[in-house]
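Everything below belongs to target.pdb, which stores PDB, N, CA and C atoms.
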```pdb
MODEL        1
ATOM      1  N   MET A   1     145.978  86.556 149.436
ATOM      2  CA  MET A   1     146.269  85.977 150.724
ATOM      3  C   MET A   1     147.571  86.571 151.275
ATOM      4  N   GLN A   2     148.530  86.787 150.408
ATOM      5  CA  GLN A   2     149.790  87.344 150.887
ATOM      6  C   GLN A   2     149.598  88.748 151.436
ATOM      7  N   GLN A   3     148.748  89.541 150.794
ATOM      8  CA  GLN A   3     148.476  90.887 151.280
ATOM      9  C   GLN A   3     147.750  90.831 152.628
ATOM     10  N   LEU A   4     146.820  89.919 152.778
ATOM     11  CA  LEU A   4     146.122  89.763 154.059
ATOM     12  C   LEU A   4     147.088  89.361 155.164
ATOM     13  N   LYS A   5     148.019  88.474 154.833
ATOM     14  CA  LYS A   5     148.975  87.977 155.818
ATOM     15  C   LYS A   5     149.848  89.096 156.393
ATOM     16  N   GLU A   6     150.016  90.167 155.640
ATOM     17  CA  GLU A   6     150.814  91.301 156.120
ATOM     18  C   GLU A   6     150.143  92.012 157.291
ATOM     19  N   ASN A   7     148.804  91.927 157.383
ATOM     20  CA  ASN A   7     148.065  92.668 158.395
ATOM     21  C   ASN A   7     147.265  91.809 159.368
ATOM     22  N   TYR A   8     147.099  90.541 159.050
ATOM     23  CA  TYR A   8     146.263  89.668 159.866
ATOM     24  C   TYR A   8     146.948  88.327 160.066
ATOM     25  N   GLN A   9     146.575  87.660 161.139
ATOM     26  CA  GLN A   9     146.952  86.265 161.289
ATOM     27  C   GLN A   9     145.885  85.459 160.580
ATOM     28  N   LEU A  10     146.294  84.503 159.779
ATOM     29  CA  LEU A  10     145.370  83.714 158.982
ATOM     30  C   LEU A  10     145.393  82.265 159.436
ATOM     31  N   PHE A  11     144.194  81.685 159.536
ATOM     32  CA  PHE A  11     144.058  80.296 159.933
ATOM     33  C   PHE A  11     143.153  79.592 158.929
ATOM     34  N   LEU A  12     143.576  78.438 158.492
ATOM     35  CA  LEU A  12     142.761  77.615 157.610
ATOM     36  C   LEU A  12     142.017  76.623 158.486
ATOM     37  N   VAL A  13     140.685  76.615 158.399
ATOM     38  CA  VAL A  13     139.868  75.651 159.140
ATOM     39  C   VAL A  13     139.087  74.844 158.112
ATOM     40  N   SER A  14     139.340  73.542 158.068
ATOM     41  CA  SER A  14     138.796  72.737 156.981
ATOM     42  C   SER A  14     138.290  71.388 157.468
ATOM     43  N   ASN A  15     137.091  71.032 156.995
ATOM     44  CA  ASN A  15     136.576  69.682 157.199
ATOM     45  C   ASN A  15     137.178  68.805 156.116
ATOM     46  N   THR A  16     138.108  67.980 156.501
ATOM     47  CA  THR A  16     138.753  67.116 155.525
ATOM     48  C   THR A  16     139.306  65.900 156.237
ATOM     49  N   ASN A  17     139.803  64.958 155.461
ATOM     50  CA  ASN A  17     140.419  63.774 156.061
ATOM     51  C   ASN A  17     141.781  63.535 155.420
ATOM     52  N   ALA A  18     142.504  62.604 155.983
ATOM     53  CA  ALA A  18     143.884  62.342 155.539
ATOM     54  C   ALA A  18     143.942  61.928 154.070
ATOM     55  N   VAL A  19     142.952  61.172 153.606
ATOM     56  CA  VAL A  19     142.936  60.730 152.207
ATOM     57  C   VAL A  19     142.805  61.937 151.276
ATOM     58  N   HIS A  20     141.918  62.866 151.629
ATOM     59  CA  HIS A  20     141.760  64.064 150.803
ATOM     60  C   HIS A  20     143.041  64.898 150.773
ATOM     61  N   ILE A  21     143.678  65.044 151.910
ATOM     62  CA  ILE A  21     144.909  65.842 151.961
ATOM     63  C   ILE A  21     145.988  65.202 151.094
ATOM     64  N   GLU A  22     146.121  63.897 151.156
ATOM     65  CA  GLU A  22     147.119  63.226 150.313
ATOM     66  C   GLU A  22     146.804  63.419 148.835
ATOM     67  N   SER A  23     145.531  63.362 148.474
ATOM     68  CA  SER A  23     145.128  63.575 147.085
ATOM     69  C   SER A  23     145.443  65.008 146.646
ATOM     70  N   ILE A  24     145.172  65.960 147.521
ATOM     71  CA  ILE A  24     145.468  67.367 147.216
ATOM     72  C   ILE A  24     146.967  67.552 147.017
ATOM     73  N   LYS A  25     147.770  66.951 147.881
ATOM     74  CA  LYS A  25     149.227  67.055 147.757
ATOM     75  C   LYS A  25     149.700  66.478 146.428
ATOM     76  N   GLN A  26     149.132  65.348 146.037
ATOM     77  CA  GLN A  26     149.531  64.738 144.768
ATOM     78  C   GLN A  26     149.115  65.602 143.583
ATOM     79  N   ASN A  27     147.899  66.149 143.635
ATOM     80  CA  ASN A  27     147.411  66.971 142.522
ATOM     81  C   ASN A  27     148.148  68.301 142.412
ATOM     82  N   MET A  28     148.419  68.929 143.544
ATOM     83  CA  MET A  28     149.101  70.227 143.542
ATOM     84  C   MET A  28     150.611  70.077 143.412
ATOM     85  N   GLY A  29     151.113  68.988 143.933
ATOM     86  CA  GLY A  29     152.549  68.837 144.093
ATOM     87  C   GLY A  29     152.924  69.378 145.469
ATOM     88  N   MET A  30     153.923  68.793 146.072
ATOM     89  CA  MET A  30     154.291  69.160 147.443
ATOM     90  C   MET A  30     154.709  70.621 147.555
ATOM     91  N   PHE A  31     155.448  71.112 146.584
ATOM     92  CA  PHE A  31     155.922  72.494 146.656
ATOM     93  C   PHE A  31     154.745  73.466 146.693
ATOM     94  N   ARG A  32     153.806  73.323 145.765
ATOM     95  CA  ARG A  32     152.648  74.226 145.723
ATOM     96  C   ARG A  32     151.747  74.046 146.945
ATOM     97  N   TYR A  33     151.600  72.802 147.424
ATOM     98  CA  TYR A  33     150.794  72.562 148.623
ATOM     99  C   TYR A  33     151.383  73.326 149.810
ATOM    100  N   TYR A  34     152.695  73.220 149.997
ATOM    101  CA  TYR A  34     153.318  73.916 151.126
ATOM    102  C   TYR A  34     153.371  75.430 150.913
ATOM    103  N   GLN A  35     153.461  75.888 149.689
ATOM    104  CA  GLN A  35     153.349  77.328 149.423
ATOM    105  C   GLN A  35     151.991  77.829 149.900
ATOM    106  N   PHE A  36     150.955  77.064 149.601
ATOM    107  CA  PHE A  36     149.609  77.453 150.013
ATOM    108  C   PHE A  36     149.447  77.390 151.528
ATOM    109  N   THR A  37     149.783  76.281 152.144
ATOM    110  CA  THR A  37     149.568  76.155 153.591
ATOM    111  C   THR A  37     150.465  77.103 154.382
ATOM    112  N   ASN A  38     151.599  77.492 153.824
ATOM    113  CA  ASN A  38     152.476  78.446 154.515
ATOM    114  C   ASN A  38     151.920  79.870 154.509
ATOM    115  N   LEU A  39     150.856  80.106 153.769
ATOM    116  CA  LEU A  39     150.185  81.404 153.833
ATOM    117  C   LEU A  39     149.444  81.570 155.162
ATOM    118  N   PHE A  40     149.229  80.460 155.864
ATOM    119  CA  PHE A  40     148.469  80.472 157.103
ATOM    120  C   PHE A  40     149.380  80.320 158.307
ATOM    121  N   ASP A  41     148.984  80.989 159.390
ATOM    122  CA  ASP A  41     149.736  80.860 160.635
ATOM    123  C   ASP A  41     149.534  79.476 161.243
ATOM    124  N   GLU A  42     148.366  78.927 161.024
ATOM    125  CA  GLU A  42     148.083  77.572 161.488
ATOM    126  C   GLU A  42     146.983  76.984 160.616
ATOM    127  N   VAL A  43     147.046  75.660 160.450
ATOM    128  CA  VAL A  43     146.058  74.936 159.656
ATOM    129  C   VAL A  43     145.344  73.964 160.586
ATOM    130  N   PHE A  44     144.014  74.018 160.563
ATOM    131  CA  PHE A  44     143.197  73.147 161.394
ATOM    132  C   PHE A  44     142.379  72.224 160.496
ATOM    133  N   TYR A  45     142.755  70.947 160.462
ATOM    134  CA  TYR A  45     142.013  69.953 159.702
ATOM    135  C   TYR A  45     141.149  69.156 160.667
ATOM    136  N   SER A  46     139.903  68.948 160.300
ATOM    137  CA  SER A  46     138.949  68.274 161.177
ATOM    138  C   SER A  46     139.440  66.884 161.594
ATOM    139  N   PHE A  47     140.067  66.141 160.687
ATOM    140  CA  PHE A  47     140.484  64.790 161.039
ATOM    141  C   PHE A  47     141.588  64.789 162.102
ATOM    142  N   GLU A  48     142.325  65.863 162.213
ATOM    143  CA  GLU A  48     143.362  65.965 163.246
ATOM    144  C   GLU A  48     142.789  66.476 164.565
ATOM    145  N   MET A  49     141.655  67.151 164.501
ATOM    146  CA  MET A  49     141.071  67.780 165.682
ATOM    147  C   MET A  49     140.039  66.904 166.370
ATOM    148  N   GLY A  50     139.545  65.882 165.690
ATOM    149  CA  GLY A  50     138.527  65.024 166.276
ATOM    150  C   GLY A  50     137.152  65.669 166.306
ATOM    151  N   ALA A  51     136.927  66.683 165.499
ATOM    152  CA  ALA A  51     135.635  67.368 165.397
ATOM    153  C   ALA A  51     135.557  68.023 164.027
ATOM    154  N   ARG A  52     134.321  68.314 163.620
ATOM    155  CA  ARG A  52     134.095  68.929 162.313
ATOM    156  C   ARG A  52     133.261  70.189 162.470
ATOM    157  N   LYS A  53     133.493  71.150 161.574
ATOM    158  CA  LYS A  53     132.589  72.290 161.518
ATOM    159  C   LYS A  53     131.222  71.748 161.125
ATOM    160  N   PRO A  54     130.129  72.150 161.661
ATOM    161  CA  PRO A  54     129.920  73.284 162.541
ATOM    162  C   PRO A  54     129.900  72.935 164.032
ATOM    163  N   GLU A  55     130.459  71.810 164.433
ATOM    164  CA  GLU A  55     130.465  71.456 165.858
ATOM    165  C   GLU A  55     131.208  72.524 166.661
ATOM    166  N   ALA A  56     130.639  72.891 167.792
ATOM    167  CA  ALA A  56     131.268  73.890 168.657
ATOM    168  C   ALA A  56     132.673  73.453 169.053
ATOM    169  N   LYS A  57     132.867  72.146 169.272
ATOM    170  CA  LYS A  57     134.185  71.640 169.685
ATOM    171  C   LYS A  57     135.266  72.002 168.671
ATOM    172  N   PHE A  58     134.932  71.956 167.396
ATOM    173  CA  PHE A  58     135.904  72.304 166.357
ATOM    174  C   PHE A  58     136.410  73.728 166.567
ATOM    175  N   PHE A  59     135.472  74.658 166.722
ATOM    176  CA  PHE A  59     135.844  76.057 166.907
ATOM    177  C   PHE A  59     136.550  76.281 168.244
ATOM    178  N   GLU A  60     136.114  75.589 169.282
ATOM    179  CA  GLU A  60     136.736  75.734 170.599
ATOM    180  C   GLU A  60     138.197  75.304 170.573
ATOM    181  N   VAL A  61     138.492  74.197 169.909
ATOM    182  CA  VAL A  61     139.882  73.718 169.802
ATOM    183  C   VAL A  61     140.723  74.714 169.020
ATOM    184  N   ALA A  62     140.192  75.208 167.911
ATOM    185  CA  ALA A  62     140.931  76.183 167.097
ATOM    186  C   ALA A  62     141.202  77.454 167.891
ATOM    187  N   LEU A  63     140.207  77.921 168.642
ATOM    188  CA  LEU A  63     140.396  79.120 169.459
ATOM    189  C   LEU A  63     141.450  78.891 170.534
ATOM    190  N   LYS A  64     141.377  77.775 171.202
ATOM    191  CA  LYS A  64     142.328  77.479 172.275
ATOM    192  C   LYS A  64     143.754  77.430 171.725
ATOM    193  N   GLN A  65     143.937  76.764 170.604
ATOM    194  CA  GLN A  65     145.279  76.644 170.027
ATOM    195  C   GLN A  65     145.793  77.962 169.467
ATOM    196  N   SER A  66     144.884  78.792 168.964
ATOM    197  CA  SER A  66     145.313  80.063 168.375
ATOM    198  C   SER A  66     145.505  81.156 169.421
ATOM    199  N   GLY A  67     144.816  81.021 170.566
ATOM    200  CA  GLY A  67     144.921  82.032 171.609
ATOM    201  C   GLY A  67     144.009  83.231 171.401
ATOM    202  N   PHE A  68     143.092  83.140 170.455
ATOM    203  CA  PHE A  68     142.173  84.237 170.179
ATOM    204  C   PHE A  68     140.818  83.982 170.820
ATOM    205  N   SER A  69     140.082  85.077 171.031
ATOM    206  CA  SER A  69     138.686  84.966 171.439
ATOM    207  C   SER A  69     137.846  85.016 170.169
ATOM    208  N   PRO A  70     136.614  84.513 170.217
ATOM    209  CA  PRO A  70     135.774  84.551 169.008
ATOM    210  C   PRO A  70     135.581  85.964 168.459
ATOM    211  N   GLU A  71     135.469  86.942 169.345
ATOM    212  CA  GLU A  71     135.234  88.322 168.916
ATOM    213  C   GLU A  71     136.392  88.888 168.106
ATOM    214  N   GLU A  72     137.562  88.313 168.248
ATOM    215  CA  GLU A  72     138.745  88.777 167.519
ATOM    216  C   GLU A  72     138.879  88.107 166.145
ATOM    217  N   CYS A  73     137.955  87.198 165.838
ATOM    218  CA  CYS A  73     138.084  86.384 164.632
ATOM    219  C   CYS A  73     136.990  86.676 163.620
ATOM    220  N   LEU A  74     137.357  86.630 162.361
ATOM    221  CA  LEU A  74     136.418  86.701 161.254
ATOM    222  C   LEU A  74     136.459  85.358 160.550
ATOM    223  N   LEU A  75     135.343  84.642 160.568
ATOM    224  CA  LEU A  75     135.238  83.375 159.851
ATOM    225  C   LEU A  75     134.625  83.653 158.491
ATOM    226  N   ILE A  76     135.348  83.288 157.447
ATOM    227  CA  ILE A  76     134.837  83.389 156.079
ATOM    228  C   ILE A  76     134.563  81.958 155.644
ATOM    229  N   ASP A  77     133.321  81.664 155.323
ATOM    230  CA  ASP A  77     132.935  80.291 155.000
ATOM    231  C   ASP A  77     131.784  80.324 154.006
ATOM    232  N   ASP A  78     131.671  79.277 153.197
ATOM    233  CA  ASP A  78     130.583  79.213 152.225
ATOM    234  C   ASP A  78     129.442  78.310 152.684
ATOM    235  N   ASN A  79     129.487  77.860 153.940
ATOM    236  CA  ASN A  79     128.481  76.961 154.473
ATOM    237  C   ASN A  79     127.676  77.677 155.559
ATOM    238  N   THR A  80     126.384  77.794 155.353
ATOM    239  CA  THR A  80     125.517  78.521 156.280
ATOM    240  C   THR A  80     125.562  77.937 157.686
ATOM    241  N   ALA A  81     125.571  76.621 157.818
ATOM    242  CA  ALA A  81     125.601  75.996 159.147
ATOM    243  C   ALA A  81     126.865  76.386 159.904
ATOM    244  N   ASN A  82     127.989  76.451 159.224
ATOM    245  CA  ASN A  82     129.247  76.847 159.868
ATOM    246  C   ASN A  82     129.174  78.300 160.333
ATOM    247  N   ILE A  83     128.606  79.148 159.491
ATOM    248  CA  ILE A  83     128.462  80.565 159.830
ATOM    249  C   ILE A  83     127.538  80.736 161.031
ATOM    250  N   GLU A  84     126.413  80.037 161.036
ATOM    251  CA  GLU A  84     125.458  80.162 162.141
ATOM    252  C   GLU A  84     126.074  79.744 163.467
ATOM    253  N   GLN A  85     126.819  78.632 163.465
ATOM    254  CA  GLN A  85     127.467  78.181 164.703
ATOM    255  C   GLN A  85     128.511  79.191 165.167
ATOM    256  N   ALA A  86     129.294  79.681 164.242
ATOM    257  CA  ALA A  86     130.324  80.657 164.600
ATOM    258  C   ALA A  86     129.695  81.925 165.174
ATOM    259  N   LYS A  87     128.600  82.393 164.584
ATOM    260  CA  LYS A  87     127.898  83.574 165.106
ATOM    261  C   LYS A  87     127.431  83.338 166.529
ATOM    262  N   LYS A  88     126.860  82.146 166.790
ATOM    263  CA  LYS A  88     126.390  81.804 168.142
ATOM    264  C   LYS A  88     127.519  81.897 169.157
ATOM    265  N   MET A  89     128.728  81.609 168.697
ATOM    266  CA  MET A  89     129.889  81.601 169.590
ATOM    267  C   MET A  89     130.552  82.965 169.697
ATOM    268  N   GLY A  90     130.073  83.956 168.934
ATOM    269  CA  GLY A  90     130.605  85.307 169.037
ATOM    270  C   GLY A  90     131.575  85.715 167.948
ATOM    271  N   PHE A  91     131.779  84.869 166.951
ATOM    272  CA  PHE A  91     132.660  85.212 165.832
ATOM    273  C   PHE A  91     132.028  86.289 164.962
ATOM    274  N   GLN A  92     132.861  87.091 164.334
ATOM    275  CA  GLN A  92     132.435  87.892 163.201
ATOM    276  C   GLN A  92     132.399  86.919 162.022
ATOM    277  N   THR A  93     131.462  87.082 161.117
ATOM    278  CA  THR A  93     131.340  86.107 160.033
ATOM    279  C   THR A  93     131.088  86.777 158.694
ATOM    280  N   TRP A  94     131.413  86.051 157.650
ATOM    281  CA  TRP A  94     131.110  86.443 156.285
ATOM    282  C   TRP A  94     130.708  85.174 155.546
ATOM    283  N   LEU A  95     129.429  85.086 155.171
ATOM    284  CA  LEU A  95     128.967  83.965 154.361
ATOM    285  C   LEU A  95     129.410  84.248 152.930
ATOM    286  N   PHE A  96     130.411  83.534 152.500
ATOM    287  CA  PHE A  96     131.069  83.775 151.219
ATOM    288  C   PHE A  96     130.385  82.963 150.125
ATOM    289  N   ASN A  97     129.980  83.634 149.064
ATOM    290  CA  ASN A  97     129.409  82.964 147.899
ATOM    291  C   ASN A  97     130.489  82.942 146.822
ATOM    292  N   PRO A  98     131.084  81.768 146.571
ATOM    293  CA  PRO A  98     132.195  81.716 145.605
ATOM    294  C   PRO A  98     131.798  82.067 144.182
ATOM    295  N   GLU A  99     130.493  82.055 143.882
ATOM    296  CA  GLU A  99     130.043  82.406 142.528
ATOM    297  C   GLU A  99     129.926  83.914 142.327
ATOM    298  N   THR A 100     129.738  84.670 143.425
ATOM    299  CA  THR A 100     129.511  86.108 143.266
ATOM    300  C   THR A 100     130.462  86.980 144.083
ATOM    301  N   ASP A 101     131.005  86.468 145.162
ATOM    302  CA  ASP A 101     131.857  87.266 146.038
ATOM    303  C   ASP A 101     133.314  87.205 145.616
ATOM    304  N   VAL A 102     134.013  88.271 145.929
ATOM    305  CA  VAL A 102     135.448  88.343 145.683
ATOM    306  C   VAL A 102     136.106  88.722 146.993
ATOM    307  N   LEU A 103     137.146  87.987 147.371
ATOM    308  CA  LEU A 103     137.896  88.326 148.573
ATOM    309  C   LEU A 103     138.761  89.528 148.261
ATOM    310  N   GLU A 104     138.409  90.647 148.821
ATOM    311  CA  GLU A 104     139.170  91.867 148.583
ATOM    312  C   GLU A 104     139.680  92.402 149.906
ATOM    313  N   PHE A 105     140.912  92.816 149.911
ATOM    314  CA  PHE A 105     141.553  93.320 151.121
ATOM    315  C   PHE A 105     140.765  94.478 151.733
ATOM    316  N   ASP A 106     140.289  95.412 150.909
ATOM    317  CA  ASP A 106     139.558  96.582 151.420
ATOM    318  C   ASP A 106     138.259  96.181 152.116
ATOM    319  N   LYS A 107     137.566  95.168 151.592
ATOM    320  CA  LYS A 107     136.346  94.697 152.226
ATOM    321  C   LYS A 107     136.631  94.114 153.597
ATOM    322  N   LEU A 108     137.736  93.395 153.707
ATOM    323  CA  LEU A 108     138.089  92.798 154.996
ATOM    324  C   LEU A 108     138.469  93.877 156.004
ATOM    325  N   LYS A 109     139.135  94.917 155.551
ATOM    326  CA  LYS A 109     139.479  96.012 156.464
ATOM    327  C   LYS A 109     138.210  96.651 157.014
ATOM    328  N   MET A 110     137.175  96.770 156.165
ATOM    329  CA  MET A 110     135.923  97.357 156.629
ATOM    330  C   MET A 110     135.197  96.419 157.586
ATOM    331  N   ALA A 111     135.323  95.111 157.405
ATOM    332  CA  ALA A 111     134.633  94.149 158.268
ATOM    333  C   ALA A 111     135.288  94.043 159.626
ATOM    334  N   ARG A 112     136.474  94.528 159.740
ATOM    335  CA  ARG A 112     137.271  94.405 160.941
ATOM    336  C   ARG A 112     136.684  95.071 162.125
TER     337      ARG A 112
ENDMDL
END
```

Translate this structure into structure tokens?
Amino acid sequence: MQQLKENYQLFLVSNTNAVHIESIKQNMGMFRYYQFTNLFDEVFYSFEMGARKPEAKFFEVALKQSGFSPEECLLIDDNTANIEQAKKMGFQTWLFNPETDVLEFDKLKMAR
């Protein structure tokens, strides 16, 4: 993630709620949680946005706040419904299989 951050703006888009975030903070510890979230230029949690992936509103709010167009964005997600909605909106997408795929910087450069 740190290598990606050198060349790209990174955004975390997550369907989650306040209870889950508090649990994650407790399990990771505040220092590690903020180390992780600081890898991103912005973090978009569904409970703060009033919409969830794959709703178009979720992506529209994230785009508006980030200032990017869908064509400038690559959504990496492991949920087919999220990928399909993002494609409909013009995003570049990568359906990520956590059991077989590896996030590699060179692959992302080629997808660009």

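Around Thr37 (chain A), within 12 Å and counting only C-alpha atoms, the residues found are Met1, Gln2, Leu10, Phe11, Leu12, Val13, Ser14, Ile21, Ile24, Lys25, Met28, Met30, Phe31, Arg32, Glu42, Val43, Phe44 and Tyr45 of chain A, once anything fewer than 5 positions away on its own chain is removed.
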
> Which residues fall under the PyMOL selection byres (((chain A and resi 78 and name CA) around 6) and name CA) in this file, as a PyMOL selection string?
Replying inline: chain A and resi 77+79+95-97

>> Could you go through chain A and tell me which residues DSSP, when run on the backbone, assigns to helix (DSSP H, G or I), listing them as number ranges by chain?
In response: A: 2-7, 18-28, 30-37, 46-49, 56-66, 70-72, 80-88, 105-111

>> Please report the interatomic distance between atom N of Ala86 (chain A) and atom C of Pro54 (chain A) in Å with one decimal.
In response: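 According to the coordinates, atom N of Ala86 (chain A) and atom C of Pro54 (chain A) are separated by 6.8 Å.
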
> Which residue gives the smallest distance to Arg52 (chain A) among A:Val19, A:Leu4, A:Leu39, A:Ala81, with only C-alpha atoms counted?
Replying inline: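 Checking each candidate against Arg52 (chain A), we get A:Ala81 as the closest.
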
> Hey, which of A:Phe36, A:Tyr8, A:Phe58, A:Phe91 ends up closest to Glu72 (chain A)? Count only C-alpha atoms.
Replying inline: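 Of the candidates, the smallest distance to Glu72 (chain A) is held by A:Phe91.
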
> In Å, how far is it from CA of Lys57 (chain A) to CA of Asp41 (chain A)?
Replying inline: 20.2 Å

> Taking the backbone alone, and naming residues the way the document does, which bits of region 5-108 of chain A are strand (DSSP E or B) by DSSP, as a PyMOL selection string?
Replying inline: chain A and resi 11-14+42-45+74-77+92-95
